[in-house]
Structure formats: structure tokens, C-alpha cells
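So this one's work-v1.txt, compact mmCIF, C-alpha atoms:
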```txt
# COMPACT_ATOMS: atom_id res chain seq x y z
CA MET A 1 -1.04 21.06 -26.42
CA SER A 2 -4.00 18.79 -27.04
CA ASN A 3 -2.63 16.51 -24.37
CA MET A 4 -2.48 19.34 -21.90
CA ASP A 5 -6.09 20.24 -22.66
CA LYS A 6 -7.14 16.67 -22.03
CA THR A 7 -5.44 16.42 -18.67
CA GLN A 8 -7.02 19.68 -17.59
CA LYS A 9 -10.46 18.32 -18.42
CA ASP A 10 -9.78 15.06 -16.63
CA ALA A 11 -8.59 16.74 -13.50
CA GLY A 12 -10.93 16.12 -10.58
CA SER A 13 -9.39 18.34 -7.94
CA GLY A 14 -7.07 21.25 -7.61
CA ARG A 15 -4.24 19.08 -6.35
CA GLN A 16 -4.43 16.67 -9.28
CA PHE A 17 -4.53 19.57 -11.67
CA THR A 18 -1.36 20.98 -10.23
CA ARG A 19 0.44 17.65 -10.51
CA ARG A 20 -0.64 17.10 -14.06
CA GLN A 21 0.21 20.60 -14.99
CA PHE A 22 3.63 19.98 -13.50
CA VAL A 23 4.13 16.81 -15.55
CA GLY A 24 2.84 18.53 -18.67
CA ALA A 25 5.27 21.39 -18.14
CA GLY A 26 8.08 18.85 -17.75
CA VAL A 27 7.17 17.28 -21.08
CA ALA A 28 7.05 20.65 -22.78
CA ALA A 29 10.55 21.32 -21.46
CA ALA A 30 11.72 17.89 -22.55
CA ALA A 31 10.78 18.63 -26.13
CA GLY A 32 13.91 20.73 -26.34
CA LEU A 33 16.13 18.07 -24.81
CA ALA A 34 16.45 15.66 -27.70
CA ILE A 35 19.65 13.64 -27.42
CA ALA A 36 19.25 11.67 -30.64
CA PRO A 37 16.73 11.75 -33.50
CA GLY A 38 13.41 10.83 -31.91
CA VAL A 39 15.03 10.21 -28.54
CA THR A 40 14.43 12.71 -25.74
CA LEU A 41 15.36 12.78 -22.10
CA LEU A 42 11.91 12.65 -20.58
CA ASP A 43 8.78 10.68 -21.21
CA LEU A 44 5.18 11.19 -20.14
CA ALA A 45 3.04 8.57 -18.46
CA HIS A 46 -0.46 8.98 -19.85
CA ALA A 47 -3.17 9.04 -17.19
CA ARG A 48 -6.49 7.31 -17.41
CA PRO A 49 -9.71 8.24 -15.58
CA ALA A 50 -10.00 6.90 -12.03
CA ASP A 51 -12.99 4.68 -12.86
CA GLN A 52 -11.22 2.85 -15.67
CA ALA A 53 -9.31 -0.36 -15.13
CA ALA A 54 -5.63 -0.67 -15.97
CA ASP A 55 -5.15 -0.90 -19.72
CA GLY A 56 -4.02 -4.29 -20.97
CA ALA A 57 -2.64 -2.67 -24.12
CA LYS A 58 0.06 -1.01 -22.06
CA ARG A 59 3.10 -2.54 -20.53
CA TRP A 60 4.84 -0.37 -18.03
CA GLY A 61 8.57 -0.81 -17.90
CA MET A 62 11.82 0.84 -17.01
CA LEU A 63 15.12 1.27 -18.72
CA VAL A 64 18.08 1.67 -16.37
CA ASP A 65 21.26 3.08 -17.85
CA THR A 66 24.02 1.77 -15.60
CA ASN A 67 26.53 4.11 -17.25
CA LEU A 68 24.64 7.01 -15.70
CA CYS A 69 23.96 5.35 -12.34
CA LYS A 70 26.44 6.77 -9.85
CA ASN A 71 28.41 4.57 -7.49
CA GLY A 72 27.39 5.18 -3.90
CA CYS A 73 24.24 7.13 -4.77
CA THR A 74 21.20 5.68 -3.02
CA ASP A 75 18.68 8.40 -3.83
CA CYS A 76 16.36 5.90 -5.53
CA VAL A 77 16.43 3.63 -2.46
CA ALA A 78 15.73 6.54 -0.10
CA ALA A 79 12.89 7.84 -2.28
CA CYS A 80 11.41 4.36 -2.39
CA GLY A 81 11.52 4.07 1.40
CA LYS A 82 9.83 7.43 1.72
CA GLU A 83 7.12 6.65 -0.79
CA ASN A 84 6.41 3.29 0.78
CA GLY A 85 6.24 4.81 4.22
CA PHE A 86 8.90 2.63 5.61
CA ALA A 87 11.32 3.59 8.36
CA SER A 88 14.05 1.14 9.29
CA THR A 89 13.31 -1.09 12.24
CA GLY A 90 16.99 -1.12 13.14
CA HIS A 91 17.45 -4.65 11.81
CA PRO A 92 18.69 -4.12 8.25
CA GLU A 93 19.14 -7.86 7.71
CA THR A 94 15.42 -8.46 7.96
CA ASP A 95 13.99 -5.10 6.89
CA PRO A 96 11.75 -5.33 3.87
CA GLN A 97 13.16 -3.75 0.73
CA TRP A 98 11.68 -2.76 -2.58
CA ILE A 99 14.83 -1.65 -4.33
CA ARG A 100 18.53 -2.05 -3.57
CA LYS A 101 21.72 -0.83 -5.08
CA ILE A 102 24.22 -3.36 -6.39
CA GLU A 103 27.85 -2.48 -7.02
CA LEU A 104 29.51 -4.45 -9.79
CA LYS A 105 33.24 -4.76 -10.36
CA GLU A 106 35.04 -6.27 -13.27
CA ILE A 107 37.98 -7.97 -11.62
CA LYS A 108 40.43 -7.72 -14.52
CA SER A 109 40.06 -4.06 -15.34
CA GLY A 110 38.88 -2.93 -11.93
CA ARG A 111 36.00 -1.02 -13.55
CA THR A 112 33.10 -0.60 -11.15
CA HIS A 113 29.57 0.45 -11.78
CA SER A 114 26.34 0.19 -9.90
CA LEU A 115 22.71 -0.41 -10.65
CA PRO A 116 19.40 -0.48 -8.85
CA MET A 117 17.85 -3.95 -8.57
CA MET A 118 14.18 -4.51 -7.86
CA CYS A 119 11.22 -6.53 -9.09
CA GLN A 120 11.78 -6.97 -12.83
CA HIS A 121 8.03 -7.12 -13.52
CA CYS A 122 8.32 -10.21 -15.68
CA ALA A 123 5.76 -10.96 -18.37
CA THR A 124 5.69 -14.53 -17.05
CA PRO A 125 6.49 -14.05 -13.37
CA PRO A 126 7.63 -17.12 -11.41
CA CYS A 127 6.26 -15.55 -8.19
CA VAL A 128 2.76 -15.64 -9.67
CA ASP A 129 3.21 -19.24 -10.81
CA VAL A 130 4.09 -20.49 -7.36
CA CYS A 131 1.73 -18.43 -5.19
CA PRO A 132 -0.66 -20.88 -3.50
CA THR A 133 -3.38 -18.32 -2.78
CA GLY A 134 -3.33 -16.12 -5.88
CA ALA A 135 -2.04 -13.18 -3.85
CA SER A 136 0.88 -12.69 -6.20
CA PHE A 137 -0.53 -11.44 -9.48
CA LYS A 138 0.23 -9.44 -12.59
CA ARG A 139 -1.96 -6.47 -13.39
CA ALA A 140 -3.25 -5.98 -16.92
CA ASP A 141 -0.61 -3.33 -17.62
CA GLY A 142 2.24 -5.64 -16.64
CA ILE A 143 2.88 -4.51 -13.07
CA VAL A 144 3.48 -7.47 -10.75
CA LEU A 145 1.93 -7.00 -7.30
CA VAL A 146 1.12 -8.76 -4.04
CA ASP A 147 -2.49 -8.65 -2.86
CA ARG A 148 -1.76 -8.45 0.85
CA HIS A 149 -5.39 -9.15 1.71
CA ILE A 150 -4.91 -12.75 0.68
CA CYS A 151 -1.15 -13.18 1.12
CA ILE A 152 -0.58 -15.77 3.84
CA GLY A 153 3.10 -14.97 4.19
CA CYS A 154 4.37 -18.35 3.03
CA ARG A 155 7.28 -16.69 1.18
CA TYR A 156 7.23 -19.19 -1.65
CA CYS A 157 7.45 -16.25 -4.09
CA MET A 158 10.64 -15.10 -2.38
CA MET A 159 12.18 -18.47 -3.18
CA ALA A 160 10.89 -18.47 -6.75
CA CYS A 161 12.09 -14.99 -7.69
CA PRO A 162 15.45 -15.16 -9.53
CA TYR A 163 16.11 -11.49 -8.73
CA LYS A 164 15.69 -11.69 -4.98
CA ALA A 165 13.20 -8.90 -5.39
CA ARG A 166 10.66 -9.93 -2.78
CA SER A 167 11.06 -9.48 0.94
CA PHE A 168 9.03 -10.10 4.06
CA VAL A 169 7.68 -7.71 6.65
CA HIS A 170 8.70 -9.21 9.97
CA GLU A 171 7.65 -6.46 12.31
CA GLU A 172 4.60 -4.36 12.93
CA HIS A 173 4.29 -1.14 11.00
CA HIS A 174 2.81 2.12 12.11
CA ASP A 175 2.37 5.46 10.37
CA GLN A 176 1.83 3.95 6.97
CA ASN A 177 1.47 6.14 3.95
CA PRO A 178 -2.33 6.01 3.34
CA ASP A 179 -1.61 5.41 -0.36
CA VAL A 180 0.57 2.41 0.40
CA PRO A 181 -0.91 0.13 3.04
CA ARG A 182 1.33 -2.60 4.39
CA GLY A 183 1.90 -4.60 7.53
CA LYS A 184 3.47 -7.49 9.33
CA GLY A 185 3.21 -10.97 7.86
CA CYS A 186 3.04 -10.18 4.16
CA VAL A 187 5.50 -10.27 1.32
CA GLU A 188 6.61 -7.01 -0.23
CA GLY A 189 8.04 -6.19 -3.62
CA CYS A 190 8.49 -3.23 -5.93
CA THR A 191 5.05 -2.09 -7.09
CA MET A 192 6.52 0.26 -9.71
CA CYS A 193 4.75 2.85 -7.54
CA VAL A 194 1.42 1.76 -8.97
CA GLN A 195 -0.37 4.35 -6.83
CA ARG A 196 1.65 7.08 -8.51
CA VAL A 197 1.55 5.62 -12.02
CA ASP A 198 -2.24 5.52 -11.84
CA ARG A 199 -2.17 9.25 -11.09
CA ASP A 200 0.11 10.09 -13.97
CA LEU A 201 3.22 10.44 -11.83
CA LEU A 202 6.57 8.76 -12.27
CA PRO A 203 7.70 6.05 -9.84
CA ALA A 204 9.45 7.57 -6.83
CA CYS A 205 12.87 6.11 -7.71
CA VAL A 206 12.74 7.47 -11.26
CA GLU A 207 11.76 10.87 -9.99
CA ALA A 208 14.55 10.86 -7.40
CA CYS A 209 17.13 9.80 -10.00
CA LYS A 210 15.98 12.61 -12.21
CA ALA A 211 16.05 15.08 -9.32
CA ALA A 212 19.63 14.05 -8.57
CA GLY A 213 20.49 14.88 -12.17
CA HIS A 214 21.57 11.35 -13.09
CA GLU A 215 18.69 10.46 -15.42
CA ALA A 216 19.71 6.83 -15.18
CA MET A 217 16.13 5.53 -14.95
CA LEU A 218 13.48 5.93 -17.62
CA PHE A 219 9.89 4.87 -17.09
CA GLY A 220 7.32 4.31 -19.82
CA ASP A 221 5.09 2.06 -21.89
CA LEU A 222 7.06 -0.70 -23.60
CA ASN A 223 4.10 -1.54 -25.83
CA ASP A 224 3.81 1.93 -27.31
CA PRO A 225 6.29 2.22 -30.20
CA ASN A 226 6.23 6.00 -29.86
CA SER A 227 7.09 6.05 -26.17
CA GLU A 228 10.52 7.24 -25.18
CA ILE A 229 11.43 3.93 -23.56
CA SER A 230 10.42 1.93 -26.64
CA LYS A 231 12.46 4.20 -28.90
CA ARG A 232 15.50 3.81 -26.73
CA VAL A 233 15.13 0.07 -26.45
CA ALA A 234 14.80 -0.03 -30.24
CA THR A 235 17.75 2.30 -30.75
CA TYR A 236 20.33 1.10 -28.24
CA ALA A 237 21.44 -2.30 -26.99
CA SER A 238 19.74 -3.19 -23.71
CA THR A 239 19.82 -6.28 -21.55
CA GLN A 240 17.40 -8.25 -19.46
CA VAL A 241 18.99 -9.66 -16.33
CA ARG A 242 18.97 -13.45 -16.58
CA ALA A 243 17.53 -13.27 -20.09
CA ASP A 244 18.21 -17.02 -20.28
CA LEU A 245 15.19 -17.60 -18.06
CA ASN A 246 12.91 -16.21 -20.76
CA LEU A 247 10.84 -14.21 -18.29
CA ASN A 248 10.59 -11.16 -20.57
CA THR A 249 11.30 -8.60 -17.89
CA GLY A 250 9.77 -5.14 -17.83
CA ILE A 251 12.97 -3.65 -16.40
CA ARG A 252 15.77 -3.38 -18.95
CA TYR A 253 19.37 -2.39 -18.33
CA ARG A 254 21.99 -0.69 -20.44
CA GLY A 255 25.70 -1.05 -19.86
CA ILE A 256 25.84 -4.36 -18.04
CA MET B 1 -33.73 -34.70 64.87
CA SER B 2 -36.54 -37.02 65.87
CA ASN B 3 -38.67 -34.13 67.19
CA PRO B 4 -41.53 -33.63 64.64
CA ALA B 5 -42.05 -29.97 65.57
CA SER B 6 -38.50 -29.00 64.84
CA PHE B 7 -38.66 -30.90 61.55
CA LEU B 8 -41.77 -28.89 60.57
CA ASN B 9 -40.07 -25.64 61.46
CA TRP B 10 -37.17 -26.64 59.29
CA GLN B 11 -39.54 -27.38 56.42
CA ILE B 12 -41.22 -23.98 56.69
CA ALA B 13 -37.85 -22.26 56.82
CA LEU B 14 -36.78 -24.11 53.68
CA ASN B 15 -39.92 -23.05 51.81
CA TRP B 16 -39.37 -19.46 52.79
CA ARG B 17 -35.78 -19.66 51.64
CA ILE B 18 -36.81 -21.01 48.24
CA ALA B 19 -39.43 -18.30 47.87
CA LEU B 20 -36.90 -15.64 48.83
CA ASN B 21 -34.41 -17.04 46.34
CA TRP B 22 -36.95 -16.83 43.56
CA LEU B 23 -37.80 -13.28 44.49
CA GLY B 24 -34.13 -12.36 44.56
CA ALA B 25 -33.53 -13.93 41.15
CA ALA B 26 -36.51 -12.09 39.67
CA CYS B 27 -35.28 -8.79 41.10
CA ALA B 28 -31.79 -9.42 39.77
CA ALA B 29 -33.17 -10.25 36.34
CA LEU B 30 -35.25 -7.07 36.29
CA LEU B 31 -32.27 -5.06 37.41
CA LEU B 32 -29.99 -6.56 34.77
CA PHE B 33 -32.62 -6.01 32.09
CA GLY B 34 -32.89 -2.40 33.12
CA VAL B 35 -29.14 -1.95 33.06
CA ALA B 36 -28.95 -3.59 29.65
CA ILE B 37 -31.59 -1.26 28.25
CA SER B 38 -30.05 1.86 29.69
CA GLY B 39 -26.58 0.68 28.62
CA ALA B 40 -27.72 0.11 25.06
CA GLY B 41 -29.34 3.50 25.06
CA ALA B 42 -26.17 5.15 26.28
CA ASP B 43 -24.06 3.39 23.65
CA GLU B 44 -26.47 4.25 20.88
CA GLY B 45 -26.05 7.86 21.83
CA LYS B 46 -22.32 7.52 22.22
CA HIS B 47 -21.76 6.06 18.78
CA GLN B 48 -23.50 8.74 16.87
CA ILE B 49 -21.88 9.62 13.58
CA ASP B 50 -18.66 11.50 14.06
CA ALA B 51 -17.75 12.89 10.67
CA LYS B 52 -16.54 16.01 8.96
CA GLY B 53 -18.85 15.79 5.95
CA ASP B 54 -22.61 16.36 5.76
CA LYS B 55 -23.65 12.86 4.83
CA CYS B 56 -22.20 9.46 4.16
CA VAL B 57 -21.94 7.80 0.74
CA ARG B 58 -25.02 5.72 1.68
CA ASP B 59 -27.61 6.05 4.44
CA THR B 60 -26.64 5.16 7.99
CA GLU B 61 -28.69 1.96 8.28
CA TYR B 62 -27.16 0.59 5.08
CA MET B 63 -23.65 1.57 6.11
CA ARG B 64 -23.98 -0.03 9.55
CA ARG B 65 -24.75 -3.39 8.02
CA ASN B 66 -22.92 -3.28 4.70
CA HIS B 67 -19.89 -0.99 4.87
CA MET B 68 -17.60 -4.02 4.79
CA VAL B 69 -19.16 -5.22 1.54
CA LEU B 70 -18.56 -1.89 -0.14
CA LEU B 71 -15.00 -1.79 1.14
CA LYS B 72 -14.21 -5.31 0.03
CA HIS B 73 -15.58 -4.72 -3.44
CA GLN B 74 -13.64 -1.49 -3.77
CA ARG B 75 -10.46 -3.06 -2.45
CA ASP B 76 -10.51 -5.78 -5.11
CA ASP B 77 -11.26 -3.27 -7.85
CA THR B 78 -8.43 -1.02 -6.80
CA MET B 79 -5.90 -3.74 -6.04
CA ARG B 80 -6.53 -6.00 -9.01
CA LYS B 81 -7.73 -3.63 -11.71
CA GLY B 82 -6.33 -0.28 -10.67
CA ILE B 83 -9.75 1.39 -10.44
CA ARG B 84 -9.15 4.30 -8.14
CA THR B 85 -12.54 5.87 -7.57
CA THR B 86 -12.67 7.28 -4.07
CA GLN B 87 -16.35 7.03 -3.15
CA TYR B 88 -16.13 3.67 -1.36
CA SER B 89 -12.43 3.70 -0.55
CA LEU B 90 -11.17 3.21 2.97
CA LYS B 91 -9.14 6.38 2.61
CA ASN B 92 -12.35 8.29 1.99
CA CYS B 93 -13.87 6.80 5.18
CA VAL B 94 -10.83 7.76 7.21
CA ASP B 95 -10.61 11.27 5.76
CA CYS B 96 -14.16 11.99 6.88
CA HIS B 97 -14.46 10.00 10.10
CA ALA B 98 -11.11 10.75 11.74
CA SER B 99 -11.71 12.13 15.22
CA PRO B 100 -10.76 15.76 15.74
CA LYS B 101 -9.18 14.72 19.05
CA ASN B 102 -6.46 12.38 17.81
CA ASN B 103 -6.96 12.70 14.06
CA SER B 104 -7.66 8.98 13.76
CA VAL B 105 -10.51 6.49 13.44
CA ILE B 106 -8.98 4.22 16.10
CA GLY B 107 -7.20 4.70 19.40
CA SER B 108 -10.06 4.64 21.90
CA ASN B 109 -13.71 3.71 22.03
CA ASP B 110 -14.53 7.32 21.28
CA ASN B 111 -13.10 6.90 17.81
CA PHE B 112 -15.48 6.10 15.00
CA CYS B 113 -14.31 2.69 13.81
CA GLN B 114 -12.99 1.32 17.07
CA GLY B 115 -15.94 2.52 19.14
CA CYS B 116 -18.50 0.59 17.14
CA HIS B 117 -16.33 -2.45 16.51
CA SER B 118 -15.57 -2.91 20.19
CA TYR B 119 -19.26 -2.44 21.02
CA VAL B 120 -20.27 -5.24 18.66
CA ALA B 121 -17.12 -7.26 19.47
CA VAL B 122 -15.92 -7.59 15.89
CA LYS B 123 -12.18 -7.60 15.37
CA LEU B 124 -10.95 -4.66 13.33
CA ASP B 125 -8.03 -5.73 11.14
CA CYS B 126 -7.93 -2.96 8.54
CA PHE B 127 -5.58 -0.68 10.42
CA GLU B 128 -2.85 -3.22 10.98
CA CYS B 129 -1.83 -2.33 7.42
CA HIS B 130 -3.91 0.69 6.41
CA SER B 131 -3.31 4.10 7.84
CA SER B 132 -5.92 5.19 10.36
CA LYS B 133 -5.23 8.84 9.72
CA PRO B 134 -6.03 11.15 6.80
CA LYS B 135 -3.42 11.48 4.10
CA ASP B 136 -2.00 14.91 4.74
CA THR B 137 -1.24 14.35 8.39
CA ALA B 138 -0.75 10.61 8.64
CA HIS B 139 2.68 9.95 7.49
CA PRO B 140 5.69 11.50 9.20
CA LEU B 141 7.89 10.88 6.18
CA GLN B 142 5.42 12.66 3.92
CA ALA B 143 5.18 15.53 6.34
CA GLY B 144 8.97 15.76 6.41
CA GLN B 145 9.20 15.23 10.15
CA MET B 146 11.56 12.30 10.03
CA GLN B 147 15.24 12.67 9.39
CA ALA B 148 16.56 11.37 6.13
CA GLY B 149 18.96 9.02 7.91
CA ALA B 150 16.10 7.09 9.46
CA MET B 151 14.75 5.98 6.12
CA VAL B 152 15.35 2.60 4.65
CA THR B 153 18.62 2.22 2.90
CA ALA B 154 20.00 -1.08 1.79
CA PRO B 155 23.73 -0.62 1.55
CA PRO B 156 25.35 -3.41 -0.44
CA GLY B 157 26.26 -6.32 1.75
CA THR B 158 24.09 -5.39 4.71
CA SER B 159 21.03 -6.95 3.16
CA SER B 160 21.22 -10.65 2.56
CA ASP B 161 22.63 -10.28 -0.94
CA GLU B 162 25.16 -12.98 -0.21
CA GLY B 163 22.49 -15.64 0.01
CA ARG B 164 21.82 -15.72 -3.69
CA LYS B 165 25.34 -16.02 -4.96
```
Would you kindly transcribe this structure into C-alpha cells?
Amino acid sequence: MSNMDKTQKDAGSGRQFTRRQFVGAGVAAAAGLAIAPGVTLLDLAHARPADQAADGAKRWGMLVDTNLCKNGCTDCVAACGKENGFASTGHPETDPQWIRKIELKEIKSGRTHSLPMMCQHCATPPCVDVCPTGASFKRADGIVLVDRHICIGCRYCMMACPYKARSFVHEEHHDQNPDVPRGKGCVEGCTMCVQRVDRDLLPACVEACKAAGHEAMLFGDLNDPNSEISKRVATYASTQVRADLNLNTGIRYRGI
Amino acid sequence: MSNPASFLNWQIALNWRIALNWLGAACAALLLFGVAISGAGADEGKHQIDAKGDKCVRDTEYMRRNHMVLLKHQRDDTMRKGIRTTQYSLKNCVDCHASPKNNSVIGSNDNFCQGCHSYVAVKLDCFECHSSKPKDTAHPLQAGQMQAGAMVTAPPGTSSDEGRK
């Protein structure tokens, strides 16, 4: 309850209040949804005041349970496109993408499963290493972003990324979401919905996965030992894709 | 040509022509000056503040000269540090200054941003990436006007997944 009181005090406008109230109510409901000792289904992203910089003590991350991710479901991809204000140009080969679904099949057993693949928000991101202008950068709370004001569109980061997570905007954009500016000539990648996270909301893909009832994606602070994601990572086996590269990814997977 | 009288007449005619030219140039200069003054006056009137709110975040004189400094500072704070105060944000500008006619700050010289920028001949790059419309009405996907099928989907294989194998 003390958390609820705090968010009410912090709220600047009626709209924010409603959102926070909504998230708070979700958490209250989640309290009854424990699936293992100390492990619950939902987690709360803790908001900070608008005039405070991103907290370096946090590290935002995601845990994707591929056992729960449904084959053929692209709700996370659709929600991402909607949040990022992107409508297809009709050229899917060159459309920018923030998240994509990958279907995996074990040839011997024929078992298939799928997973969402996006920027893995590495602790030591190769895209940041190679960027010649400093446009590719990692925020204090671990979210890897492109500063499109200084991106020159050289696409070196696209080559450097082992996850093929970055893409290029080839065509002019109109009707952008005011929260998510973007345009022709810059590199795009998953922002972990930084504009939503800063407002105490879940990333669009996580919310969509939850709305679809799959609960395959969990978002939270990997540095907080009491966060839901940390507890799960500590409780169950999880994998980093290409862990051999030692990039210490912020996106972890279960079941691959 | 050897007649001295005709040569003199030609000289006088030339002098008159030069004098007339000077007079013409002076008149033209005066005329242009007058047009310039009246034009500037008309544009000053035309580009009066078009805004929904009572007053801007700073006074008009300061904003005319320094709005780009405020915006650039805010942009780096928001982008790099995640500071999301709205006072000097571009979204705040757009929310207030969007024209009631087309709900935008660009589109014609009657619009707030474009009108002034075209008058001073400074290229306006912001809205190649940023939305020129206020949040609630800007984005067809947000407003639910676009069909779900038109949104980006990256079915396996259609994107260039093969390239990384």
C-alpha cells in the first residue's frame, strides 16, 4: 500500500494517475498469483520522477519463456509496430523491425517452438563499440539506444550486432507516434519501450503477451534481487543467446 | 558623323539619358525600400503567436532567438539520461502551437513553425522524424483508425533472417 501512496503523490496529471493506478491494481492482483515460493506472475516497474535521470543502479531486462511462447502468435510484433508508430511500407524485406518471431525446430524429434528476438540490451554492446559518432549508446539503466540526432546511417552497428537486432529506415515516415520519433536514414532497434518504462508502464510487447494470456515475457530490474525477474533467473535455468560472446545480455530465455 | 552640331546634339541626348537612368534607379530603390518595409510589417503581423496557452515557457524575444538551444538541451537530457520533464520538450511546443486549421505546426506558411522558418529561410528538420501534431490526434495507429493488418509484422523468412545463418 505504501507504494500505491507514493505513486499517487508522484502523479502529475490525471492521465498518469490512472495509468499508475492501473499498474498498482495489477500488482495487487498479482499478489494472489504466486506460482512458486517468492515467484509471482507479475512484476512492477518502479517509476521515478520525470526530472530524475535514469538510475544506474537498475538494469532493465526481460525473461522470455519459450515454453509459453505460442507458435504463430505475433501479438508482440504487432504491439511493437503499433507502439513505434510504424506501418508497413509494403516492402517487408527492407522494413525496419524492432522485434521478430523466430520458429525453431529440432530436426530429430520434430519439436517446434518459437521465440521473440530483438535487441538483447547487452551490458557490453558491440553496436556501441563500433559506432563512429557515438549515436549508439547504453543508458545508465542498461537500455541500449540509438540517438538518431547524431546517427549518420552508416549501419556499422547492424554489422556488429550478433543478434541481427538493428535495422535501417529506408523510406520516409509520416504520422509518427509523438512519443517515438523516427525517420528515414537512421538505424532502429528495440528500445525496450524506454518511453513507456520511464512512465512506469511495461514494454508494449510484454503487455501484449500478457493480454494474449501467454505470459511468456517478463520485464523487470535484473539488479534488484527482490524483483520478480531476478527471482526467476535465480530459481530456474535461463540462457543468454550466444552466451559464448560474453556480452551479458539483458534479455534471457528459458527453454531454448 | 563629321557634322559638329549633330555630335553636340548626341552629347546632350546622352547626358539626359544618364540623368534619367539615375533618376529611374533612385525611384526603383525607393520603391523597393518601401515594399521591403511594408512586406516586413505584413509578415510581422502574420507571424504573431498562434498558440492555445496563455504564455510561452519564456518570453517571446528570448524564444525567437533561443528556442533551438532549449530544445537541443532538452533533447540530449531526454535521449541520453531519460529526463522527461515537459517544459522545454518539442512535444510541449507542438501541443500548444498546433494550428486549429490542420492540427499541425507545419503544412503551410500559416503554421507556427513553418511560417517563421520559411520567412527567415532556415531549414526545419525536426518534423522529418518528430510528429508535427499533438499526441492524442497525431497517430492513426494510436487512434485506432488503421486496420490491424496494415501494421508491421515480420513473418519468419520474409525478413532477411537467412542472411545471418
In Å, with one decimal, what is the gap from atom CA of Ser108 of chain B to atom CA of Lys82 of chain A?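 If I compute the distance from atom CA of Ser108 of chain B to atom CA of Lys82 of chain A, I get 28.5 Å.
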Can you tell me, as an mmCIF file with C-alpha atoms, in the coordinates of the input, what residues are no more than 8 Å from Ala51 of chain B when counting only C-alpha atoms, ignoring any on the same chain fewer than 5 positions away?
```
data_model
loop_
_atom_site.group_PDB
_atom_site.id
_atom_site.type_symbol
_atom_site.label_atom_id
_atom_site.label_comp_id
_atom_site.auth_asym_id
_atom_site.auth_seq_id
_atom_site.Cartn_x
_atom_site.Cartn_y
_atom_site.Cartn_z
ATOM 1 C CA CYS B 96 -14.160 11.990 6.880
ATOM 2 C CA HIS B 97 -14.460 10.000 10.100
ATOM 3 C CA ALA B 98 -11.110 10.750 11.740
ATOM 4 C CA SER B 99 -11.710 12.130 15.220
#
```
Within 10 Å of Ile150 of chain A, counting all atoms listed in the file, which residues show up once you throw out same-chain ones fewer than 3 positions away? Write them as a ChimeraX atom specification, please. /A:133-136,146-147,153,186
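Counting only C-alpha atoms, the residue from A:Trp60, A:Tyr236, A:Phe168, A:Tyr163 that sits nearest to Arg100 of chain A is A:Tyr163.
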Using all atoms listed in the file, which protein or nucleic acid residues come within 6 Å of Phe137 of chain A? Drop anything in the same chain fewer than 6 positions from it, and give the result as a list in words.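 Listed by chain and then number, they are Val128, Val144 and Leu145 of chain A.
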Interface list for chain A, partner chain B, 8 Å threshold, all atoms listed in the file, as an NGL selection string: :A and (50-54 or 74 or 77-78 or 81-83 or 85-88 or 92-94 or 97 or 100-103 or 139-140 or 147 or 164 or 172-184 or 198)
Go ahead and save the residues from that selection, with C-alpha atoms, as a tab-separated table (two decimals), keeping the file's coordinate frame.
```tsv
chain	number	residue	atom	x	y	z
A	50	ALA	CA	-10.00	6.90	-12.03
A	51	ASP	CA	-12.99	4.68	-12.86
A	52	GLN	CA	-11.22	2.85	-15.67
A	53	ALA	CA	-9.31	-0.36	-15.13
A	54	ALA	CA	-5.63	-0.67	-15.97
A	74	THR	CA	21.20	5.68	-3.02
A	77	VAL	CA	16.43	3.63	-2.46
A	78	ALA	CA	15.73	6.54	-0.10
A	81	GLY	CA	11.52	4.07	1.40
A	82	LYS	CA	9.83	7.43	1.72
A	83	GLU	CA	7.12	6.65	-0.79
A	85	GLY	CA	6.24	4.81	4.22
A	86	PHE	CA	8.90	2.63	5.61
A	87	ALA	CA	11.32	3.59	8.36
A	88	SER	CA	14.05	1.14	9.29
A	92	PRO	CA	18.69	-4.12	8.25
A	93	GLU	CA	19.14	-7.86	7.71
A	94	THR	CA	15.42	-8.46	7.96
A	97	GLN	CA	13.16	-3.75	0.73
A	100	ARG	CA	18.53	-2.05	-3.57
A	101	LYS	CA	21.72	-0.83	-5.08
A	102	ILE	CA	24.22	-3.36	-6.39
A	103	GLU	CA	27.85	-2.48	-7.02
A	139	ARG	CA	-1.96	-6.47	-13.39
A	140	ALA	CA	-3.25	-5.98	-16.92
A	147	ASP	CA	-2.49	-8.65	-2.86
A	164	LYS	CA	15.69	-11.69	-4.98
A	172	GLU	CA	4.60	-4.36	12.93
A	173	HIS	CA	4.29	-1.14	11.00
A	174	HIS	CA	2.81	2.12	12.11
A	175	ASP	CA	2.37	5.46	10.37
A	176	GLN	CA	1.83	3.95	6.97
A	177	ASN	CA	1.47	6.14	3.95
A	178	PRO	CA	-2.33	6.01	3.34
A	179	ASP	CA	-1.61	5.41	-0.36
A	180	VAL	CA	0.57	2.41	0.40
A	181	PRO	CA	-0.91	0.13	3.04
A	182	ARG	CA	1.33	-2.60	4.39
A	183	GLY	CA	1.90	-4.60	7.53
A	184	LYS	CA	3.47	-7.49	9.33
A	198	ASP	CA	-2.24	5.52	-11.84
```
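Atom CA of Asp141 of chain A lies 6.8 Å from atom CA of Ala57 of chain A.
For the atom pair formed by atom CA of Asp65 of chain A and atom CA of Met217 of chain A, the distance is 6.4 Å, given to one decimal.
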Quick one: residues within 12 Å of Asn246 of chain A, only C-alpha atoms, excluding same-chain residues fewer than 2 positions away - as a list in words? Cys122, Ala123, Thr124, Pro125, Pro126, Pro162, Gln240, Val241, Arg242, Ala243, Asp244, Asn248, Thr249 and Gly250 of chain A
Coordinates of box centre and edge lengths for segment 187-195 of chain A, 8 Å on every side, axis-aligned, as AutoDock Vina command-line options:
```
--center_x 4.1 --center_y -3.0 --center_z -4.2 --size_x 24.9 --size_y 30.6 --size_z 27.0
```
Within-12 Å shell of (-18.9, -0.9, 9.0) in input frame, all atoms listed in the file, as number ranges by chain: B: 49, 56, 58, 60-72, 88, 90, 93-94, 97, 112-118, 120, 122-124, 126
Residues near Arg59 of chain A, cut-off 8 Å, all atoms listed in the file, skip fewer than 4 positions along chain, as a list in words: Asp141, Gly142, Ile143, Asp221, Leu222, Asn223 and Gly250 of chain A
My list of candidates is A:Ala211, A:Ile229, A:Met118, A:Ala79. Which is closest to Arg166 of chain A when distances are computed with all atoms listed in the file? A:Met118
